[in-house]
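query08.cif (mmCIF, C-alpha atoms) appears below.
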data_coords
loop_
_atom_site.label_atom_id
_atom_site.label_comp_id
_atom_site.auth_asym_id
_atom_site.auth_seq_id
_atom_site.Cartn_x
_atom_site.Cartn_y
_atom_site.Cartn_z
CA MET A 1 118.00 104.83 59.64
CA ILE A 2 117.29 104.88 63.37
CA ILE A 3 114.56 102.36 64.18
CA GLU A 4 112.69 104.77 66.47
CA GLN A 5 112.41 107.24 63.60
CA VAL A 6 110.81 104.74 61.21
CA THR A 7 107.05 105.25 61.16
CA ASP A 8 104.55 102.44 61.53
CA GLU A 9 103.43 103.03 57.98
CA GLN A 10 106.98 102.71 56.66
CA LEU A 11 107.36 99.42 58.51
CA VAL A 12 104.10 98.19 57.00
CA GLY A 13 105.48 99.05 53.57
CA GLN A 14 108.63 97.07 54.31
CA VAL A 15 106.57 94.04 55.37
CA ARG A 16 104.53 94.23 52.17
CA ALA A 17 107.80 94.36 50.24
CA GLY A 18 108.83 91.05 51.79
CA ASP A 19 110.73 92.08 54.94
CA ARG A 20 109.10 89.93 57.62
CA ASP A 21 111.49 91.25 60.27
CA ALA A 22 109.83 94.65 59.93
CA PHE A 23 106.64 93.20 61.34
CA ALA A 24 108.55 92.03 64.41
CA LEU A 25 109.37 95.70 65.05
CA LEU A 26 105.66 96.57 64.92
CA VAL A 27 104.94 93.79 67.38
CA GLU A 28 107.63 95.11 69.69
CA ARG A 29 106.12 98.59 69.58
CA TYR A 30 102.58 97.50 70.33
CA LYS A 31 102.75 94.21 72.24
CA ARG A 32 102.55 95.77 75.71
CA GLY A 33 99.77 98.18 74.81
CA ILE A 34 97.73 95.49 73.04
CA ALA A 35 98.23 93.02 75.89
CA ASN A 36 97.14 95.62 78.45
CA PHE A 37 94.16 96.56 76.31
CA ILE A 38 93.06 92.94 76.02
CA GLY A 39 93.76 92.40 79.72
CA ALA A 40 91.22 95.10 80.56
CA GLY A 41 88.47 92.79 79.37
CA VAL A 42 89.91 89.31 79.85
CA ARG A 43 90.84 88.01 83.29
CA SER A 44 93.07 84.98 82.61
CA PRO A 45 96.74 85.82 81.86
CA SER A 46 96.99 82.80 79.57
CA ASP A 47 93.95 83.97 77.61
CA VAL A 48 95.43 87.48 77.38
CA ALA A 49 98.66 86.02 75.97
CA ASP A 50 96.78 83.85 73.47
CA LEU A 51 94.51 86.68 72.33
CA THR A 52 97.42 89.10 72.01
CA GLN A 53 99.15 86.62 69.73
CA GLU A 54 95.94 86.11 67.79
CA ALA A 55 95.55 89.86 67.29
CA PHE A 56 99.02 90.16 65.78
CA LEU A 57 98.52 87.07 63.64
CA ARG A 58 95.31 88.56 62.27
CA ALA A 59 97.07 91.86 61.66
CA TYR A 60 99.84 90.13 59.74
CA ALA A 61 97.40 88.07 57.70
CA HIS A 62 95.33 91.13 56.76
CA LEU A 63 98.12 93.68 56.45
CA GLY A 64 97.23 94.12 52.81
CA THR A 65 93.92 95.69 53.85
CA PHE A 66 95.56 98.44 55.90
CA ASN A 67 95.19 101.81 54.19
CA PRO A 68 97.30 104.62 55.71
CA ASP A 69 95.09 107.17 53.94
CA LEU A 70 92.16 106.09 56.12
CA GLY A 71 93.91 106.18 59.49
CA ARG A 72 96.96 105.32 61.53
CA PHE A 73 98.32 101.81 62.04
CA SER A 74 97.76 102.15 65.79
CA THR A 75 94.04 102.71 65.23
CA TRP A 76 93.88 99.74 62.87
CA ILE A 77 95.66 97.28 65.18
CA TYR A 78 93.45 98.26 68.12
CA HIS A 79 90.38 97.67 65.99
CA ILE A 80 91.65 94.15 65.42
CA ALA A 81 92.38 93.59 69.11
CA ARG A 82 88.92 94.85 70.04
CA ASN A 83 87.30 92.41 67.61
CA VAL A 84 89.42 89.56 68.97
CA VAL A 85 88.23 90.30 72.51
CA ARG A 86 84.60 90.60 71.42
CA THR A 87 84.75 87.25 69.65
CA PHE A 88 86.39 85.59 72.64
CA LEU A 89 83.90 86.96 75.17
CA GLY A 90 80.98 86.09 72.95
CA ARG A 91 82.27 82.56 72.57
CA SER A 92 83.17 81.94 76.20
CA GLN A 93 80.31 83.87 77.84
CA ARG A 94 82.65 84.52 80.75
CA ARG A 95 82.30 87.59 82.93
CA PRO A 96 85.29 88.49 85.19
CA ALA A 97 84.68 89.28 88.85
CA ALA A 98 84.83 92.89 89.99
CA ALA A 99 87.60 94.55 91.98
CA GLU A 100 88.01 98.11 93.16
CA LEU A 101 90.46 100.97 92.88
CA GLY A 102 91.90 102.84 95.82
CA GLU A 103 90.29 106.03 97.07
CA ASP A 104 93.14 108.46 96.48
CA ARG A 105 94.30 106.87 93.24
CA THR A 106 92.99 107.99 89.88
CA LEU A 107 93.11 105.60 86.96
CA GLU A 108 96.00 107.60 85.52
CA ASN A 109 98.40 107.04 88.43
CA SER A 110 97.33 103.54 89.41
CA PHE A 111 99.19 101.78 86.64
CA PRO A 112 102.48 100.06 87.46
CA ASP A 113 105.87 101.71 87.05
CA ALA A 114 107.63 99.74 84.35
CA SER A 115 111.03 101.42 84.84
CA ALA A 116 114.03 99.12 84.86
CA ASP A 117 115.31 100.39 88.21
CA ALA A 118 112.08 99.63 90.08
CA ASP A 119 112.71 97.68 93.29
CA PRO A 120 111.73 93.97 93.30
CA VAL A 121 109.23 94.24 96.19
CA GLY A 122 107.65 97.30 94.65
CA GLY A 123 107.48 95.46 91.33
CA VAL A 124 105.43 92.67 92.91
CA LEU A 125 103.03 95.19 94.43
CA ARG A 126 102.70 97.01 91.15
CA THR A 127 101.91 93.75 89.38
CA GLU A 128 99.15 93.11 91.92
CA ALA A 129 97.88 96.66 91.50
CA GLU A 130 97.75 96.24 87.73
CA ALA A 131 95.72 93.07 88.16
CA GLU A 132 93.27 94.97 90.39
CA VAL A 133 92.91 97.74 87.82
CA ARG A 134 92.29 95.24 85.05
CA ALA A 135 89.68 93.46 87.13
CA ALA A 136 87.96 96.75 87.92
CA LEU A 137 87.89 97.71 84.26
CA ALA A 138 86.58 94.29 83.28
CA ASP A 139 83.44 94.84 85.34
CA LEU A 140 82.51 98.02 83.43
CA PRO A 141 80.33 98.09 80.30
CA GLU A 142 82.21 97.16 77.15
CA ARG A 143 82.40 100.62 75.56
CA THR A 144 83.42 102.32 78.81
CA ARG A 145 86.05 99.67 79.48
CA THR A 146 87.45 100.02 75.97
CA VAL A 147 87.84 103.80 75.96
CA LEU A 148 89.47 103.76 79.40
CA ALA A 149 91.89 101.07 78.34
CA LEU A 150 92.83 102.94 75.17
CA ARG A 151 93.31 106.16 77.08
CA TYR A 152 95.26 104.96 80.09
CA TYR A 153 97.03 101.82 78.92
CA ASP A 154 98.30 103.19 75.64
CA ASN A 155 97.97 106.97 76.16
CA MET A 156 95.82 107.29 73.07
CA ASP A 157 94.41 110.78 72.56
CA TYR A 158 90.67 111.37 72.61
CA GLN A 159 90.34 111.88 68.86
CA SER A 160 92.19 108.63 68.11
CA ILE A 161 89.92 106.81 70.55
CA ALA A 162 86.89 108.28 68.81
CA THR A 163 88.20 107.09 65.44
CA THR A 164 89.02 103.62 66.77
CA MET A 165 85.66 103.22 68.46
CA GLY A 166 83.56 104.88 65.77
CA LEU A 167 82.26 107.40 68.33
CA SER A 168 82.04 111.15 68.48
CA LEU A 169 84.64 113.06 70.47
CA GLY A 170 81.94 114.12 72.92
CA ASN A 171 80.87 110.53 73.50
CA VAL A 172 84.44 109.50 74.26
CA LYS A 173 84.83 112.27 76.84
CA THR A 174 81.52 111.32 78.43
CA LEU A 175 82.41 107.62 78.61
CA ILE A 176 85.77 108.36 80.23
CA HIS A 177 84.18 110.70 82.76
CA ARG A 178 81.44 108.20 83.65
CA GLY A 179 83.96 105.40 83.82
CA LYS A 180 86.05 107.24 86.38
CA LEU A 181 82.96 107.94 88.45
CA ALA A 182 81.97 104.27 88.32
CA LEU A 183 85.41 103.19 89.52
CA ALA A 184 85.31 105.75 92.32
CA GLN A 185 81.91 104.42 93.39
CA LYS A 186 83.28 100.91 93.54
CA PHE A 187 86.00 102.10 95.87
CA ARG A 188 83.52 103.83 98.14
CA GLU A 189 81.58 100.57 98.40
CA ARG A 190 84.78 98.70 99.15
CA GLU A 191 85.80 101.25 101.74
CA ALA A 192 82.43 100.98 103.46
CA ALA A 193 82.79 97.20 103.57
CA ALA A 194 86.29 97.55 105.04
CA LEU A 195 85.08 99.89 107.78
CA SER A 196 82.35 97.44 108.71
CA GLY A 197 84.95 94.71 109.10
CA ALA A 198 83.85 92.70 106.09
CA PRO A 199 86.65 91.17 104.00
CA THR A 200 87.09 92.90 100.66
CA GLY A 201 89.61 90.68 98.92
CA ALA A 202 91.14 93.71 97.24
CA LEU A 203 94.58 95.26 97.36
CA GLN A 204 95.15 97.79 100.11
CA TRP A 205 96.47 101.01 98.59
CA ALA A 206 99.07 103.05 100.40
CA PRO A 207 98.26 106.71 100.94
#

Render the structure in this file as structure tokens.
Amino acid sequence: MIIEQVTDEQLVGQVRAGDRDAFALLVERYKRGIANFIGAGVRSPSDVADLTQEAFLRAYAHLGTFNPDLGRFSTWIYHIARNVVRTFLGRSQRRPAAAELGEDRTLENSFPDASADADPVGGVLRTEAEAEVRAALADLPERTRTVLALRYYDNMDYQSIATTMGLSLGNVKTLIHRGKLALAQKFREREAAALSGAPTGALQWAP
């Protein structure tokens, strides 16, 4: 059977049957999305790495509680990651500093190109851009930050976000809309500071 054609739920069944390697395939599928999701609320790369690992460890430990009749595995694992972040932030009481997005860049097209043939210099710039986006998201309210991260880091559809967050579909759409407006406002403030000659400390976006 081709690995890409095996569903998450089938892999969960294999893990429950004793095939630990099947869980490694689930980790491979979700590790980037979960890390990006956690990185939207946590500034330190080392903390992101630790919390990502913790999320998967929790998922493995509680895999017996996953019920495919109640929702998809993707929704379940993001619930776990969200709780991991909440616990961490509540414990540390840290609040990341704000950063802004570029004027002519929407959240959708500001994320780095992960293609294998990307040029090295461009890769460095994209890494910096991703850090700026994460920092900007981290300064938003928790619910707004979460829905934006689910939507644009992992391309989750609105209904799945609503299920994951326990919100109505209308609330999700409203939070995403308001979140975009908030990020745009941050850029306008940054742009005004740049025009006045004040240092902004943020990445300069190319037109």

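Counting only C-alpha atoms and comparing A:Val85, A:Ile176, A:Val6, A:Ile80, the residue that lies closest to Gly39 (chain A) is A:Val85.
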
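Computed from the coordinates, the CA of Arg91 (chain A) to CA of Val42 (chain A) distance equals 12.5 Å.
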
As JSON: centre and edge lengths in Å, one decimal, of the axis-aligned box holding region 84-88 of chain A with 4 Å per side:
{"center_x": 87.0, "center_y": 88.1, "center_z": 70.8, "size_x": 12.8, "size_y": 13.0, "size_z": 11.7}

Applying the PyMOL selection byres ((chain A and resi 27) around 12) to the file I just gave you, which residues come out? Please list them as a compact mmCIF listing (two decimals) with C-alpha atoms, in the frame of the given file.
# COMPACT_ATOMS: atom_id res chain seq x y z
CA ASP A 8 104.55 102.44 61.53
CA LEU A 11 107.36 99.42 58.51
CA VAL A 12 104.10 98.19 57.00
CA ARG A 20 109.10 89.93 57.62
CA ASP A 21 111.49 91.25 60.27
CA ALA A 22 109.83 94.65 59.93
CA PHE A 23 106.64 93.20 61.34
CA ALA A 24 108.55 92.03 64.41
CA LEU A 25 109.37 95.70 65.05
CA LEU A 26 105.66 96.57 64.92
CA GLU A 28 107.63 95.11 69.69
CA ARG A 29 106.12 98.59 69.58
CA TYR A 30 102.58 97.50 70.33
CA LYS A 31 102.75 94.21 72.24
CA ARG A 32 102.55 95.77 75.71
CA GLY A 33 99.77 98.18 74.81
CA ILE A 34 97.73 95.49 73.04
CA ALA A 35 98.23 93.02 75.89
CA THR A 52 97.42 89.10 72.01
CA GLN A 53 99.15 86.62 69.73
CA GLU A 54 95.94 86.11 67.79
CA ALA A 55 95.55 89.86 67.29
CA PHE A 56 99.02 90.16 65.78
CA LEU A 57 98.52 87.07 63.64
CA ALA A 59 97.07 91.86 61.66
CA TYR A 60 99.84 90.13 59.74
CA PHE A 73 98.32 101.81 62.04
CA SER A 74 97.76 102.15 65.79
CA ILE A 77 95.66 97.28 65.18

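The smallest atom-to-atom distance between Ala184 (chain A) and any of A:Gly64, A:Asp157, A:Asp47, A:Ala136, using all atoms listed in the file, is found for A:Ala136.
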
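Rounded to one decimal, CA of Asn171 (chain A) and CA of Arg143 (chain A) lie 10.2 Å from each other.
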
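You will find CA of Ile161 (chain A) at 9.0 Å from CA of Thr146 (chain A).
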
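Using only C-alpha atoms, the protein and nucleic acid residues lying at most 12 Å from the point (89.6, 108.9, 57.9) are Asn67, Pro68, Asp69, Leu70, Gly71, Arg72, Phe73, Thr75, Trp76, Gln159, Ser160, Ala162, Thr163, Thr164 and Gly166 of chain A.
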
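Residues in contact with Pro141 (chain A) at up to 12 Å, not including ones fewer than 2 positions away on its chain and judged by all atoms listed in the file, are Ala40, Gly41, Arg95, Pro96, Ala98, Ala136, Leu137, Ala138, Asp139, Arg143, Thr144, Arg145, Thr146, Val147, Leu148, Leu175, Ile176, Arg178, Gly179, Ala182 and Leu183 of chain A.
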
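Minimum atom-to-atom distances from A:Ala193, A:Leu89, A:Leu51, A:His79 to Leu150 (chain A) were compared using only C-alpha atoms, and the lowest value belongs to A:His79.
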
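Take the candidates A:Phe37, A:Arg43, A:Thr7, A:Ser196 and check each one against Met156 (chain A) using only C-alpha atoms; the shortest distance goes to A:Phe37.
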
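Distances to Glu142 (chain A) were evaluated for A:Gln5, A:Gln185, A:Asp19, A:Ile38 using all atoms listed in the file, and the minimum falls at A:Ile38.
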
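Distances from A:Ala149, A:Val172, A:Ala192, A:Leu181 to Asn36 (chain A) were compared using all atoms listed in the file, and the smallest one belongs to A:Ala149.
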
Complete the atoms of region 50-71 of chain A to N, CA and C atoms and put them out as a tab-separated table (two decimals), in the coordinates of the input.
chain	number	residue	atom	x	y	z
A	50	ASP	N	97.26	84.50	74.69
A	50	ASP	CA	96.78	83.85	73.47
A	50	ASP	C	96.08	84.86	72.55
A	51	LEU	N	95.25	85.72	73.14
A	51	LEU	CA	94.51	86.68	72.33
A	51	LEU	C	95.41	87.77	71.77
A	52	THR	N	96.44	88.13	72.52
A	52	THR	CA	97.42	89.10	72.01
A	52	THR	C	98.11	88.54	70.78
A	53	GLN	N	98.52	87.28	70.88
A	53	GLN	CA	99.15	86.62	69.73
A	53	GLN	C	98.19	86.54	68.55
A	54	GLU	N	96.93	86.21	68.86
A	54	GLU	CA	95.94	86.11	67.79
A	54	GLU	C	95.74	87.45	67.10
A	55	ALA	N	95.73	88.53	67.87
A	55	ALA	CA	95.55	89.86	67.29
A	55	ALA	C	96.67	90.19	66.30
A	56	PHE	N	97.89	89.87	66.67
A	56	PHE	CA	99.02	90.16	65.78
A	56	PHE	C	99.02	89.23	64.57
A	57	LEU	N	98.61	87.99	64.77
A	57	LEU	CA	98.52	87.07	63.64
A	57	LEU	C	97.47	87.55	62.64
A	58	ARG	N	96.35	88.02	63.15
A	58	ARG	CA	95.31	88.56	62.27
A	58	ARG	C	95.82	89.80	61.53
A	59	ALA	N	96.53	90.65	62.27
A	59	ALA	CA	97.07	91.86	61.66
A	59	ALA	C	98.03	91.51	60.52
A	60	TYR	N	98.88	90.53	60.77
A	60	TYR	CA	99.84	90.13	59.74
A	60	TYR	C	99.12	89.56	58.52
A	61	ALA	N	98.12	88.73	58.79
A	61	ALA	CA	97.40	88.07	57.70
A	61	ALA	C	96.62	89.06	56.85
A	62	HIS	N	96.17	90.16	57.47
A	62	HIS	CA	95.33	91.13	56.76
A	62	HIS	C	96.05	92.46	56.53
A	63	LEU	N	97.37	92.44	56.59
A	63	LEU	CA	98.12	93.68	56.45
A	63	LEU	C	97.86	94.36	55.11
A	64	GLY	N	97.52	93.56	54.13
A	64	GLY	CA	97.23	94.12	52.81
A	64	GLY	C	96.00	95.00	52.79
A	65	THR	N	95.15	94.88	53.81
A	65	THR	CA	93.92	95.69	53.85
A	65	THR	C	94.14	97.03	54.55
A	66	PHE	N	95.31	97.19	55.19
A	66	PHE	CA	95.56	98.44	55.90
A	66	PHE	C	95.80	99.57	54.90
A	67	ASN	N	95.06	100.64	55.07
A	67	ASN	CA	95.19	101.81	54.19
A	67	ASN	C	95.58	103.03	55.03
A	68	PRO	N	96.84	103.48	54.91
A	68	PRO	CA	97.30	104.62	55.71
A	68	PRO	C	96.55	105.91	55.42
A	69	ASP	N	95.87	105.97	54.27
A	69	ASP	CA	95.09	107.17	53.94
A	69	ASP	C	93.81	107.26	54.76
A	70	LEU	N	93.40	106.12	55.34
A	70	LEU	CA	92.16	106.09	56.12
A	70	LEU	C	92.39	106.19	57.62
A	71	GLY	N	93.64	106.10	58.05
A	71	GLY	CA	93.91	106.18	59.49
A	71	GLY	C	95.27	105.62	59.82
